[in-house]
>>> print(open('structure-v5.cif').read())   # mmCIF, C-alpha atoms
data_data
loop_
_atom_site.label_atom_id
_atom_site.label_comp_id
_atom_site.auth_asym_id
_atom_site.auth_seq_id
_atom_site.Cartn_x
_atom_site.Cartn_y
_atom_site.Cartn_z
CA MET A 1 -21.80 -4.41 89.13
CA ASP A 2 -22.76 -4.40 92.83
CA GLY A 3 -20.67 -1.91 94.78
CA VAL A 4 -19.16 -0.44 91.58
CA LEU A 5 -22.18 0.48 89.43
CA ALA A 6 -25.13 -0.38 91.70
CA ASP A 7 -25.09 1.10 95.18
CA VAL A 8 -26.23 -2.03 97.00
CA TYR A 9 -24.77 -0.70 100.24
CA ALA A 10 -27.06 2.33 100.21
CA GLN A 11 -29.81 -0.17 99.47
CA PHE A 12 -28.85 -2.35 102.48
CA LYS A 13 -28.96 0.74 104.67
CA GLU A 14 -32.41 1.70 103.39
CA TYR A 15 -33.71 -1.83 104.01
CA GLU A 16 -32.26 -1.77 107.53
CA ILE A 17 -33.88 1.58 108.27
CA ASN A 18 -37.19 0.21 106.97
CA GLU A 19 -36.83 -2.93 109.12
CA PHE A 20 -35.20 -1.57 112.31
CA GLY A 21 -35.62 2.19 112.07
CA THR A 22 -31.83 2.54 112.16
CA THR A 23 -28.59 1.44 110.51
CA LYS A 24 -25.02 1.08 111.81
CA PRO A 25 -22.84 4.20 111.47
CA MET A 26 -20.16 3.93 108.77
CA GLU A 27 -17.24 3.76 111.25
CA LYS A 28 -18.71 0.58 112.79
CA ILE A 29 -18.76 -1.32 109.48
CA PHE A 30 -15.38 -0.29 108.04
CA GLY A 31 -13.46 -3.42 107.02
CA LYS A 32 -16.35 -5.72 107.95
CA PRO A 33 -17.67 -8.28 105.44
CA GLU A 34 -21.21 -7.72 104.19
CA HIS A 35 -22.90 -10.37 106.34
CA GLU A 36 -21.43 -8.72 109.47
CA ALA A 37 -22.06 -5.15 108.36
CA TYR A 38 -25.66 -5.97 107.36
CA PRO A 39 -26.86 -9.04 109.29
CA ASN A 40 -29.98 -9.40 107.13
CA ALA A 41 -28.18 -8.84 103.81
CA TYR A 42 -29.01 -12.31 102.53
CA LYS A 43 -32.72 -11.75 103.14
CA TYR A 44 -32.60 -8.35 101.43
CA VAL A 45 -30.84 -9.49 98.25
CA ASN A 46 -33.38 -12.28 97.91
CA SER A 47 -36.38 -9.95 98.10
CA VAL A 48 -38.16 -8.91 94.94
CA GLY A 49 -37.23 -5.34 94.04
CA PHE A 50 -33.89 -5.16 95.83
CA PHE A 51 -31.76 -4.96 92.67
CA ILE A 52 -34.12 -3.18 90.30
CA ASN A 53 -34.49 -0.32 92.79
CA ALA A 54 -30.82 -0.06 93.78
CA PRO A 55 -29.45 3.46 93.39
CA ILE A 56 -26.68 4.19 90.92
CA ILE A 57 -23.11 4.89 92.02
CA GLU A 58 -22.27 8.51 91.28
CA GLY A 59 -20.52 9.16 87.99
CA SER A 60 -20.70 5.57 86.77
CA VAL A 61 -23.10 6.18 83.86
CA GLU A 62 -21.05 9.05 82.40
CA ALA A 63 -17.78 7.15 82.97
CA LEU A 64 -18.94 3.90 81.32
CA LYS A 65 -20.25 5.91 78.38
CA ILE A 66 -16.72 7.29 77.88
CA LEU A 67 -14.87 4.00 78.54
CA ASN A 68 -17.27 2.13 76.25
CA GLU A 69 -15.91 4.15 73.33
CA GLY A 70 -12.26 3.24 73.86
CA TYR A 71 -12.40 -0.20 75.46
CA ASN A 72 -13.92 -3.60 74.79
CA LEU A 73 -16.07 -3.23 77.88
CA PHE A 74 -17.97 -5.95 79.80
CA VAL A 75 -20.16 -5.71 82.88
CA VAL A 76 -19.57 -8.86 84.94
CA SER A 77 -21.73 -9.67 87.94
CA SER A 78 -21.61 -12.58 90.39
CA ALA A 79 -25.36 -12.86 89.96
CA LEU A 80 -25.84 -16.64 89.97
CA GLU A 81 -25.84 -16.77 93.76
CA PHE A 82 -29.24 -15.06 93.55
CA PRO A 83 -30.91 -16.63 90.52
CA ASN A 84 -34.20 -14.88 91.20
CA SER A 85 -32.41 -11.58 90.68
CA LEU A 86 -31.07 -12.33 87.19
CA LYS A 87 -33.85 -10.58 85.31
CA GLU A 88 -33.90 -7.65 87.76
CA LYS A 89 -30.19 -7.15 87.32
CA TYR A 90 -30.57 -7.22 83.55
CA ASP A 91 -33.44 -4.73 83.70
CA TRP A 92 -31.47 -2.48 86.05
CA LEU A 93 -28.53 -2.43 83.62
CA ASN A 94 -30.87 -1.62 80.74
CA LYS A 95 -32.48 1.18 82.74
CA TRP A 96 -29.23 2.93 83.71
CA PHE A 97 -26.86 1.81 80.94
CA PRO A 98 -28.95 1.43 77.78
CA PHE A 99 -25.77 1.74 75.70
CA ILE A 100 -24.43 -1.54 77.17
CA THR A 101 -25.64 -4.35 74.88
CA TRP A 102 -26.54 -7.92 75.87
CA GLN A 103 -23.26 -9.03 74.27
CA GLN A 104 -21.39 -7.05 76.96
CA ILE A 105 -23.10 -8.57 80.00
CA VAL A 106 -21.87 -11.57 81.98
CA PHE A 107 -23.70 -13.08 84.93
CA CYS A 108 -21.49 -15.64 86.60
CA GLY A 109 -20.80 -17.44 89.82
CA LEU A 110 -17.04 -17.19 90.26
CA LYS A 111 -15.20 -14.50 88.33
CA THR A 112 -12.09 -16.69 88.09
CA ILE A 113 -13.26 -17.80 84.62
CA ILE A 114 -13.24 -14.24 83.28
CA ASN A 115 -10.46 -13.16 80.98
CA GLY A 116 -9.51 -9.51 80.50
CA ASP A 117 -6.84 -6.86 80.62
CA ILE A 118 -8.29 -4.64 83.37
CA ILE A 119 -10.78 -5.36 86.16
CA ILE A 120 -12.57 -2.84 88.39
CA ASP A 121 -14.05 -4.53 91.46
CA ASP A 122 -14.71 -3.88 95.15
CA HIS A 123 -13.90 -7.44 96.31
CA PHE A 124 -10.43 -8.90 96.89
CA LYS A 125 -11.80 -12.38 96.07
CA ASN A 126 -12.29 -11.18 92.49
CA LEU A 127 -9.17 -9.03 92.14
CA ASP A 128 -6.68 -11.46 93.69
CA TYR A 129 -7.13 -14.11 90.96
CA PHE A 130 -7.18 -11.73 88.00
CA LYS A 131 -4.19 -11.88 85.66
CA GLY A 132 -4.36 -8.29 84.29
CA GLN A 133 -4.45 -4.81 85.87
CA THR A 134 -6.55 -4.70 89.03
CA ILE A 135 -8.42 -1.63 90.27
CA LEU A 136 -9.96 -1.76 93.73
CA PHE A 137 -13.12 0.32 93.97
CA SER A 138 -13.31 1.65 97.52
CA GLN A 139 -16.18 0.39 99.62
CA HIS A 140 -16.36 0.30 103.40
CA HIS A 141 -15.93 -3.50 103.45
CA ASN A 142 -12.55 -3.40 101.65
CA TYR A 143 -10.78 -0.99 104.03
CA GLY A 144 -8.21 -2.13 106.55
CA GLN A 145 -7.18 -5.20 104.56
CA ASP A 146 -3.92 -5.76 102.69
CA ASN A 147 -4.57 -4.39 99.24
CA LYS A 148 -2.15 -6.80 97.53
CA ASN A 149 -0.94 -4.35 94.92
CA HIS A 150 -4.38 -3.49 93.61
CA GLN A 151 -4.75 0.17 92.72
CA ARG A 152 -7.35 1.77 94.99
CA VAL A 153 -9.77 4.34 93.54
CA ASN A 154 -12.42 6.23 95.48
CA ASN A 155 -14.81 7.17 92.72
CA TRP A 156 -15.43 7.06 88.97
CA ASP A 157 -13.58 10.35 88.37
CA GLU A 158 -10.40 8.67 89.58
CA ILE A 159 -11.03 5.76 87.21
CA LEU A 160 -11.40 8.17 84.30
CA THR A 161 -8.13 9.85 85.27
CA LEU A 162 -6.47 6.44 85.13
CA LEU A 163 -8.08 5.03 82.00
CA ALA A 164 -9.73 7.68 79.84
CA MET B 1 -25.46 -25.45 77.12
CA ASP B 2 -27.81 -25.27 74.07
CA GLY B 3 -26.94 -27.94 71.54
CA VAL B 4 -24.46 -29.62 73.89
CA LEU B 5 -26.47 -30.26 77.08
CA ALA B 6 -29.97 -29.04 76.16
CA ASP B 7 -31.46 -30.42 72.96
CA VAL B 8 -32.88 -27.15 71.69
CA TYR B 9 -32.98 -28.54 68.15
CA ALA B 10 -35.39 -31.31 69.14
CA GLN B 11 -37.35 -28.56 70.86
CA PHE B 12 -37.41 -26.40 67.67
CA LYS B 13 -38.74 -29.42 65.76
CA GLU B 14 -41.46 -30.02 68.33
CA TYR B 15 -42.51 -26.36 68.21
CA GLU B 16 -42.59 -26.49 64.38
CA ILE B 17 -44.73 -29.62 64.42
CA ASN B 18 -47.09 -27.94 66.89
CA GLU B 19 -47.27 -24.81 64.72
CA PHE B 20 -47.20 -26.25 61.17
CA GLY B 21 -47.89 -29.96 61.61
CA THR B 22 -44.51 -30.72 60.03
CA THR B 23 -40.77 -30.00 60.26
CA LYS B 24 -37.98 -30.01 57.66
CA PRO B 25 -36.21 -33.35 57.16
CA MET B 26 -32.67 -33.44 58.58
CA GLU B 27 -30.98 -33.52 55.14
CA LYS B 28 -32.57 -30.15 54.26
CA ILE B 29 -31.10 -28.35 57.28
CA PHE B 30 -27.56 -29.76 57.28
CA GLY B 31 -25.06 -26.90 57.38
CA LYS B 32 -27.81 -24.27 57.65
CA PRO B 33 -27.75 -21.64 60.41
CA GLU B 34 -30.54 -21.84 62.97
CA HIS B 35 -32.64 -18.99 61.62
CA GLU B 36 -32.72 -20.70 58.19
CA ALA B 37 -33.25 -24.21 59.52
CA TYR B 38 -36.05 -23.05 61.85
CA PRO B 39 -37.55 -19.81 60.51
CA ASN B 40 -39.52 -19.16 63.72
CA ALA B 41 -36.63 -20.01 66.05
CA TYR B 42 -36.51 -16.49 67.49
CA LYS B 43 -40.19 -16.62 68.40
CA TYR B 44 -39.77 -20.06 69.99
CA VAL B 45 -36.79 -19.18 72.19
CA ASN B 46 -38.67 -16.15 73.45
CA SER B 47 -41.74 -18.15 74.51
CA VAL B 48 -42.22 -19.05 78.14
CA GLY B 49 -41.39 -22.73 78.69
CA PHE B 50 -39.08 -23.23 75.71
CA PHE B 51 -35.92 -23.73 77.77
CA ILE B 52 -37.33 -25.30 80.92
CA ASN B 53 -38.95 -28.05 78.84
CA ALA B 54 -36.02 -28.67 76.49
CA PRO B 55 -35.00 -32.34 76.38
CA ILE B 56 -31.57 -33.41 77.56
CA ILE B 57 -28.82 -34.48 75.16
CA GLU B 58 -28.16 -38.18 75.59
CA GLY B 59 -25.33 -39.09 77.93
CA SER B 60 -24.63 -35.53 79.04
CA VAL B 61 -25.72 -35.95 82.68
CA GLU B 62 -23.58 -39.04 83.28
CA ALA B 63 -20.64 -37.50 81.41
CA LEU B 64 -20.68 -34.19 83.32
CA LYS B 65 -20.92 -36.11 86.58
CA ILE B 66 -17.67 -37.87 85.67
CA LEU B 67 -15.89 -34.79 84.26
CA ASN B 68 -16.96 -32.72 87.28
CA GLU B 69 -14.77 -34.95 89.46
CA GLY B 70 -11.56 -34.43 87.52
CA TYR B 71 -11.95 -30.97 86.03
CA ASN B 72 -12.69 -27.44 87.18
CA LEU B 73 -15.94 -27.48 85.19
CA PHE B 74 -18.11 -24.54 84.13
CA VAL B 75 -21.36 -24.47 82.17
CA VAL B 76 -21.30 -21.35 79.99
CA SER B 77 -24.37 -20.25 78.06
CA SER B 78 -24.91 -17.32 75.69
CA ALA B 79 -28.13 -16.63 77.57
CA LEU B 80 -28.16 -12.83 77.67
CA GLU B 81 -29.67 -12.60 74.19
CA PHE B 82 -32.87 -13.95 75.76
CA PRO B 83 -33.01 -12.27 79.16
CA ASN B 84 -36.48 -13.63 79.89
CA SER B 85 -34.99 -17.12 79.72
CA LEU B 86 -32.32 -16.59 82.38
CA LYS B 87 -34.30 -18.09 85.25
CA GLU B 88 -35.62 -20.95 83.08
CA LYS B 89 -32.11 -21.86 82.04
CA TYR B 90 -30.96 -21.82 85.64
CA ASP B 91 -33.92 -23.99 86.70
CA TRP B 92 -33.29 -26.40 83.81
CA LEU B 93 -29.66 -26.81 84.87
CA ASN B 94 -30.74 -27.43 88.45
CA LYS B 95 -33.29 -30.01 87.33
CA TRP B 96 -30.90 -32.07 85.17
CA PHE B 97 -27.52 -31.27 86.75
CA PRO B 98 -28.15 -30.74 90.47
CA PHE B 99 -24.45 -31.41 91.13
CA ILE B 100 -23.47 -28.27 89.18
CA THR B 101 -23.34 -25.42 91.71
CA TRP B 102 -24.17 -21.75 91.08
CA GLN B 103 -20.44 -21.04 91.23
CA GLN B 104 -20.00 -23.14 88.06
CA ILE B 105 -22.60 -21.37 85.91
CA VAL B 106 -21.93 -18.48 83.53
CA PHE B 107 -24.61 -16.70 81.53
CA CYS B 108 -22.98 -14.37 79.06
CA GLY B 109 -23.42 -12.58 75.80
CA LEU B 110 -20.20 -13.23 73.92
CA LYS B 111 -18.04 -16.15 75.01
CA THR B 112 -14.86 -14.32 73.96
CA ILE B 113 -14.45 -13.17 77.57
CA ILE B 114 -14.29 -16.74 78.88
CA ASN B 115 -10.96 -18.16 79.94
CA GLY B 116 -10.30 -21.91 80.09
CA ASP B 117 -8.19 -24.83 78.96
CA ILE B 118 -10.84 -26.80 77.05
CA ILE B 119 -14.13 -25.75 75.46
CA ILE B 120 -16.92 -28.01 74.17
CA ASP B 121 -19.32 -26.11 71.90
CA ASP B 122 -21.43 -26.59 68.77
CA HIS B 123 -20.78 -23.11 67.31
CA PHE B 124 -17.69 -22.04 65.40
CA LYS B 125 -18.22 -18.45 66.60
CA ASN B 126 -17.39 -19.67 70.12
CA LEU B 127 -14.64 -22.15 69.25
CA ASP B 128 -12.72 -19.97 66.79
CA TYR B 129 -11.76 -17.37 69.42
CA PHE B 130 -10.90 -19.79 72.21
CA LYS B 131 -7.23 -20.01 73.19
CA GLY B 132 -7.22 -23.58 74.56
CA GLN B 133 -8.31 -27.00 73.24
CA THR B 134 -11.49 -26.80 71.16
CA ILE B 135 -14.00 -29.62 70.83
CA LEU B 136 -16.78 -29.24 68.25
CA PHE B 137 -19.98 -30.96 69.32
CA SER B 138 -21.71 -32.20 66.16
CA GLN B 139 -25.02 -30.58 65.35
CA HIS B 140 -26.67 -30.36 61.94
CA HIS B 141 -25.87 -26.64 61.63
CA ASN B 142 -22.10 -27.15 61.96
CA TYR B 143 -21.68 -29.68 59.14
CA GLY B 144 -20.18 -28.79 55.78
CA GLN B 145 -18.14 -25.91 57.16
CA ASP B 146 -14.39 -25.74 57.56
CA ASN B 147 -13.77 -27.09 61.01
CA LYS B 148 -10.63 -25.00 61.58
CA ASN B 149 -8.75 -27.63 63.53
CA HIS B 150 -11.44 -28.14 66.12
CA GLN B 151 -11.85 -31.76 67.16
CA ARG B 152 -15.29 -32.99 66.13
CA VAL B 153 -17.20 -35.33 68.47
CA ASN B 154 -20.58 -36.87 67.78
CA ASN B 155 -21.77 -37.62 71.29
CA TRP B 156 -20.84 -37.54 74.97
CA ASP B 157 -19.28 -41.01 74.87
CA GLU B 158 -16.67 -39.67 72.46
CA ILE B 159 -15.99 -36.75 74.83
CA LEU B 160 -15.45 -39.17 77.71
CA THR B 161 -13.03 -41.18 75.55
CA LEU B 162 -11.08 -37.98 74.95
CA LEU B 163 -11.16 -36.47 78.44
CA ALA B 164 -12.08 -38.98 81.14
#
>>> encode(input="structure-v5.cif", output="structure tokens")
Amino acid sequence: MDGVLADVYAQFKEYEINEFGTTKPMEKIFGKPEHEAYPNAYKYVNSVGFFINAPIIEGSVEALKILNEGYNLFVVSSALEFPNSLKEKYDWLNKWFPFITWQQIVFCGLKTIINGDIIIDDHFKNLDYFKGQTILFSQHHNYGQDNKNHQRVNNWDEILTLLA
Amino acid sequence: MDGVLADVYAQFKEYEINEFGTTKPMEKIFGKPEHEAYPNAYKYVNSVGFFINAPIIEGSVEALKILNEGYNLFVVSSALEFPNSLKEKYDWLNKWFPFITWQQIVFCGLKTIINGDIIIDDHFKNLDYFKGQTILFSQHHNYGQDNKNHQRVNNWDEILTLLA
């Protein structure tokens, strides 16, 4: 969800601009983990409104609408680290993806318990343990690392080319 | 979680007594699905406080403490049907099972996406699709149905005898 459907990185940048009047240029955060790229990330994700107001990643609504027709689709989010955000994350999904039913949503801690044929994720920690096909959604934090045979895509159009 | 750790059935009975002054005797609800056994179940589970105040199923805290040492344990709950309950369910788990970390919690819609070696559940709909060992936790609603090779247990002591 975060970094694939919800643009939490744009949201981090907006919170930094609100707090400091500035945000690090993209080239300074390439390959850096979130807590280094956005030192106050933990504070931001724990503030009321962070998730419900997160912008949408371009093309994701149209793409999920298409994939939802041909696949047994689930939205899986490591949401339990921020239990106060659970309802916000659910409401955000309902707002942007009203065609995704409650049966298709999973809020977990570790994604190692999730079974599936294909995963789309921006974090190696989730892709590396997955038994099926792994698609790495490009985000600044996942550049410059070994991509361990995951297929990198840069946007939802590339995912549709692969899967639709 | 519900019917295995949290005694939601005792909670339904208490809500019925509060609403009607009475509740159906156990022999009248054996083998009946929840919405027949407790006609106002849907209203109850959607009321604030239903989950956070649910009693604990006897022996479950001590048993999970033991199993948590020897197994890679997850608590999986079909919680997304009641999105307003997400935080209550998390708080309830924290109150009774403080040794279960956020990494070990999964709130989902369908449990068909969950991977594992052993499942303990009171619903056939969750056990029937599971690929590993299936343990049926006895509750009034799951009597009188074909148990489809799931191993029936009546309490947490019997689970410990099987697994500890």
>>> resolve_selection(input="structure-v5.cif", expression="the PyMOL selection byres ((chain A) within 9 of (chain B))", output="list in words")
Phe74, Val76, Ser78, Leu80, Glu81, Phe82, Pro83, Asn84, Ser85, Leu86, Lys87, Tyr90, Asp91, Thr101, Trp102, Gln103, Gln104, Ile105, Val106, Phe107, Cys108, Gly109, Leu110, Lys111, Thr112, Ile113, Ile114, Asn115 and Gly116 of chain A
>>> resolve_selection(input="structure-v5.cif", expression="the PyMOL selection byres ((chain A and resi 137-140) around 6)", output="list in words")
Phe30, Gly31, Asp121, Asp122, Leu136, His141, Asn142, Tyr143, Val153 and Asn154 of chain A
>>> atom_distance(input="structure-v5.cif", atom1="atom CA of Tyr71 of chain B", atom2="atom CA of Leu163 of chain B")
9.4 Å
>>> residues_near_point(input="structure-v5.cif", point="(-15.9, -37.0, 86.3)", cutoff="12 Å", atoms="all atoms listed in the file", output="list in words")
Ser60, Val61, Glu62, Ala63, Leu64, Lys65, Ile66, Leu67, Asn68, Glu69, Gly70, Tyr71, Asn72, Leu73, Phe99, Ile100, Ile159, Leu160, Thr161, Leu163 and Ala164 of chain B
>>> write_last_selection(input="structure-v5.cif", atoms="C-alpha atoms", output="tab-separated table (two decimals), keeping the file's coordinate frame")
chain	number	residue	atom	x	y	z
B	60	SER	CA	-24.63	-35.53	79.04
B	61	VAL	CA	-25.72	-35.95	82.68
B	62	GLU	CA	-23.58	-39.04	83.28
B	63	ALA	CA	-20.64	-37.50	81.41
B	64	LEU	CA	-20.68	-34.19	83.32
B	65	LYS	CA	-20.92	-36.11	86.58
B	66	ILE	CA	-17.67	-37.87	85.67
B	67	LEU	CA	-15.89	-34.79	84.26
B	68	ASN	CA	-16.96	-32.72	87.28
B	69	GLU	CA	-14.77	-34.95	89.46
B	70	GLY	CA	-11.56	-34.43	87.52
B	71	TYR	CA	-11.95	-30.97	86.03
B	72	ASN	CA	-12.69	-27.44	87.18
B	73	LEU	CA	-15.94	-27.48	85.19
B	99	PHE	CA	-24.45	-31.41	91.13
B	100	ILE	CA	-23.47	-28.27	89.18
B	159	ILE	CA	-15.99	-36.75	74.83
B	160	LEU	CA	-15.45	-39.17	77.71
B	161	THR	CA	-13.03	-41.18	75.55
B	163	LEU	CA	-11.16	-36.47	78.44
B	164	ALA	CA	-12.08	-38.98	81.14
>>> calpha_fit_and_write(input="structure-v5.cif", fixed="chain A", moving="chain B", output="compact mmCIF listing (two decimals) with C-alpha atoms, in the frame of the given file")
# COMPACT_ATOMS: atom_id res chain seq x y z
CA MET B 1 -21.79 -4.40 89.11
CA ASP B 2 -22.75 -4.39 92.84
CA GLY B 3 -20.66 -1.88 94.76
CA VAL B 4 -19.15 -0.43 91.58
CA LEU B 5 -22.17 0.49 89.43
CA ALA B 6 -25.13 -0.36 91.69
CA ASP B 7 -25.08 1.10 95.18
CA VAL B 8 -26.23 -2.02 96.99
CA TYR B 9 -24.77 -0.70 100.24
CA ALA B 10 -27.06 2.33 100.22
CA GLN B 11 -29.82 -0.15 99.48
CA PHE B 12 -28.85 -2.36 102.49
CA LYS B 13 -28.98 0.75 104.69
CA GLU B 14 -32.41 1.69 103.39
CA TYR B 15 -33.72 -1.83 104.01
CA GLU B 16 -32.26 -1.77 107.55
CA ILE B 17 -33.89 1.57 108.29
CA ASN B 18 -37.20 0.21 106.99
CA GLU B 19 -36.85 -2.93 109.13
CA PHE B 20 -35.22 -1.58 112.33
CA GLY B 21 -35.63 2.19 112.11
CA THR B 22 -31.84 2.55 112.21
CA THR B 23 -28.59 1.43 110.53
CA LYS B 24 -25.02 1.08 111.82
CA PRO B 25 -22.85 4.20 111.50
CA MET B 26 -20.17 3.93 108.79
CA GLU B 27 -17.26 3.75 111.28
CA LYS B 28 -18.73 0.56 112.80
CA ILE B 29 -18.77 -1.33 109.49
CA PHE B 30 -15.39 -0.31 108.05
CA GLY B 31 -13.46 -3.42 107.04
CA LYS B 32 -16.36 -5.73 107.94
CA PRO B 33 -17.68 -8.29 105.45
CA GLU B 34 -21.22 -7.74 104.19
CA HIS B 35 -22.91 -10.37 106.33
CA GLU B 36 -21.44 -8.73 109.47
CA ALA B 37 -22.07 -5.16 108.38
CA TYR B 38 -25.67 -5.96 107.37
CA PRO B 39 -26.86 -9.04 109.27
CA ASN B 40 -30.00 -9.41 107.12
CA ALA B 41 -28.19 -8.83 103.82
CA TYR B 42 -29.03 -12.31 102.53
CA LYS B 43 -32.73 -11.76 103.15
CA TYR B 44 -32.61 -8.35 101.44
CA VAL B 45 -30.85 -9.50 98.26
CA ASN B 46 -33.39 -12.28 97.92
CA SER B 47 -36.40 -9.94 98.11
CA VAL B 48 -38.17 -8.92 94.95
CA GLY B 49 -37.23 -5.34 94.03
CA PHE B 50 -33.89 -5.16 95.84
CA PHE B 51 -31.77 -4.96 92.69
CA ILE B 52 -34.13 -3.18 90.31
CA ASN B 53 -34.49 -0.31 92.80
CA ALA B 54 -30.82 -0.07 93.78
CA PRO B 55 -29.45 3.47 93.39
CA ILE B 56 -26.67 4.18 90.93
CA ILE B 57 -23.10 4.90 92.02
CA GLU B 58 -22.27 8.51 91.28
CA GLY B 59 -20.52 9.16 87.99
CA SER B 60 -20.70 5.57 86.78
CA VAL B 61 -23.09 6.18 83.86
CA GLU B 62 -21.04 9.03 82.39
CA ALA B 63 -17.79 7.14 82.98
CA LEU B 64 -18.94 3.90 81.32
CA LYS B 65 -20.24 5.90 78.37
CA ILE B 66 -16.72 7.28 77.88
CA LEU B 67 -14.87 3.99 78.55
CA ASN B 68 -17.27 2.12 76.25
CA GLU B 69 -15.89 4.14 73.33
CA GLY B 70 -12.25 3.23 73.85
CA TYR B 71 -12.39 -0.19 75.45
CA ASN B 72 -13.90 -3.60 74.77
CA LEU B 73 -16.08 -3.25 77.89
CA PHE B 74 -17.96 -5.96 79.79
CA VAL B 75 -20.15 -5.71 82.87
CA VAL B 76 -19.57 -8.87 84.92
CA SER B 77 -21.73 -9.67 87.94
CA SER B 78 -21.60 -12.57 90.39
CA ALA B 79 -25.36 -12.87 89.96
CA LEU B 80 -25.84 -16.64 89.97
CA GLU B 81 -25.86 -16.78 93.77
CA PHE B 82 -29.25 -15.05 93.56
CA PRO B 83 -30.91 -16.64 90.53
CA ASN B 84 -34.22 -14.89 91.20
CA SER B 85 -32.41 -11.59 90.68
CA LEU B 86 -31.09 -12.35 87.20
CA LYS B 87 -33.86 -10.58 85.31
CA GLU B 88 -33.90 -7.64 87.76
CA LYS B 89 -30.19 -7.14 87.30
CA TYR B 90 -30.57 -7.23 83.54
CA ASP B 91 -33.45 -4.73 83.69
CA TRP B 92 -31.47 -2.46 86.04
CA LEU B 93 -28.54 -2.43 83.62
CA ASN B 94 -30.87 -1.62 80.74
CA LYS B 95 -32.47 1.20 82.72
CA TRP B 96 -29.22 2.94 83.71
CA PHE B 97 -26.85 1.81 80.94
CA PRO B 98 -28.95 1.43 77.79
CA PHE B 99 -25.76 1.71 75.70
CA ILE B 100 -24.44 -1.56 77.18
CA THR B 101 -25.63 -4.35 74.87
CA TRP B 102 -26.53 -7.92 75.87
CA GLN B 103 -23.27 -9.03 74.27
CA GLN B 104 -21.39 -7.06 76.96
CA ILE B 105 -23.10 -8.58 80.00
CA VAL B 106 -21.86 -11.58 81.99
CA PHE B 107 -23.70 -13.10 84.93
CA CYS B 108 -21.49 -15.64 86.61
CA GLY B 109 -20.80 -17.44 89.82
CA LEU B 110 -17.05 -17.19 90.25
CA LYS B 111 -15.19 -14.49 88.33
CA THR B 112 -12.08 -16.68 88.08
CA ILE B 113 -13.25 -17.79 84.63
CA ILE B 114 -13.24 -14.23 83.28
CA ASN B 115 -10.47 -13.16 80.96
CA GLY B 116 -9.52 -9.50 80.47
CA ASP B 117 -6.83 -6.86 80.61
CA ILE B 118 -8.28 -4.65 83.36
CA ILE B 119 -10.77 -5.37 86.15
CA ILE B 120 -12.56 -2.85 88.38
CA ASP B 121 -14.05 -4.52 91.46
CA ASP B 122 -14.69 -3.88 95.15
CA HIS B 123 -13.89 -7.44 96.32
CA PHE B 124 -10.44 -8.88 96.88
CA LYS B 125 -11.78 -12.37 96.07
CA ASN B 126 -12.29 -11.17 92.48
CA LEU B 127 -9.17 -9.02 92.13
CA ASP B 128 -6.68 -11.45 93.69
CA TYR B 129 -7.12 -14.08 90.95
CA PHE B 130 -7.18 -11.71 87.99
CA LYS B 131 -4.20 -11.87 85.64
CA GLY B 132 -4.34 -8.30 84.29
CA GLN B 133 -4.44 -4.81 85.85
CA THR B 134 -6.54 -4.70 89.03
CA ILE B 135 -8.40 -1.64 90.25
CA LEU B 136 -9.95 -1.77 93.73
CA PHE B 137 -13.11 0.31 93.97
CA SER B 138 -13.30 1.67 97.53
CA GLN B 139 -16.18 0.40 99.62
CA HIS B 140 -16.36 0.29 103.41
CA HIS B 141 -15.91 -3.50 103.46
CA ASN B 142 -12.55 -3.40 101.66
CA TYR B 143 -10.77 -0.99 104.02
CA GLY B 144 -8.17 -2.11 106.54
CA GLN B 145 -7.17 -5.16 104.53
CA ASP B 146 -3.93 -5.73 102.68
CA ASN B 147 -4.58 -4.38 99.24
CA LYS B 148 -2.17 -6.79 97.52
CA ASN B 149 -0.94 -4.34 94.93
CA HIS B 150 -4.36 -3.48 93.60
CA GLN B 151 -4.75 0.18 92.72
CA ARG B 152 -7.35 1.75 95.00
CA VAL B 153 -9.77 4.34 93.55
CA ASN B 154 -12.41 6.22 95.48
CA ASN B 155 -14.80 7.17 92.71
CA TRP B 156 -15.42 7.07 88.97
CA ASP B 157 -13.58 10.34 88.36
CA GLU B 158 -10.39 8.68 89.57
CA ILE B 159 -11.02 5.75 87.20
CA LEU B 160 -11.41 8.16 84.28
CA THR B 161 -8.13 9.85 85.26
CA LEU B 162 -6.46 6.44 85.12
CA LEU B 163 -8.08 5.03 81.98
CA ALA B 164 -9.71 7.68 79.81
>>> resolve_selection(input="structure-v5.cif", expression="the PyMOL selection byres ((chain B and resi 24) around 12)", output="count of residues only")
22
>>> atom_distance(input="structure-v5.cif", atom1="atom CA of Gly49 of chain B", atom2="atom CA of Val8 of chain B")
11.9 Å
>>> residues_around(input="structure-v5.cif", residues="His150 of chain B", least_positions_apart="4", cutoff="8 Å", atoms="all atoms listed in the file", output="number ranges by chain")
B: 127, 133-136
>>> residues_near_point(input="structure-v5.cif", point="(-32.1, -32.7, 71.6)", cutoff="8 Å", atoms="all atoms listed in the file", output="list in words")
Gly3, Ala6, Asp7, Val8, Tyr9, Ala10, Gln11, Ala54, Pro55, Ile56, Ile57 and Glu58 of chain B
>>> atom_distance(input="structure-v5.cif", atom1="atom CA of Tyr44 of chain B", atom2="atom CA of Tyr15 of chain B")
7.1 Å
>>> closest_residue(input="structure-v5.cif", among="A:Glu19, A:Pro98, A:Lys131, A:Glu34", to="Asp2 of chain A", atoms="all atoms listed in the file")
A:Glu34
>>> axis_aligned_box(input="structure-v5.cif", around="segment 25-41 of chain B", padding_each_side="4 Å", output="JSON")
{"center_x": -32.3, "center_y": -26.3, "center_z": 60.2, "size_x": 22.5, "size_y": 22.5, "size_z": 19.8}
>>> closest_residue(input="structure-v5.cif", among="B:Lys89, B:Pro33, B:Glu158, B:Leu5", to="Val45 of chain B", atoms="only C-alpha atoms")
B:Lys89
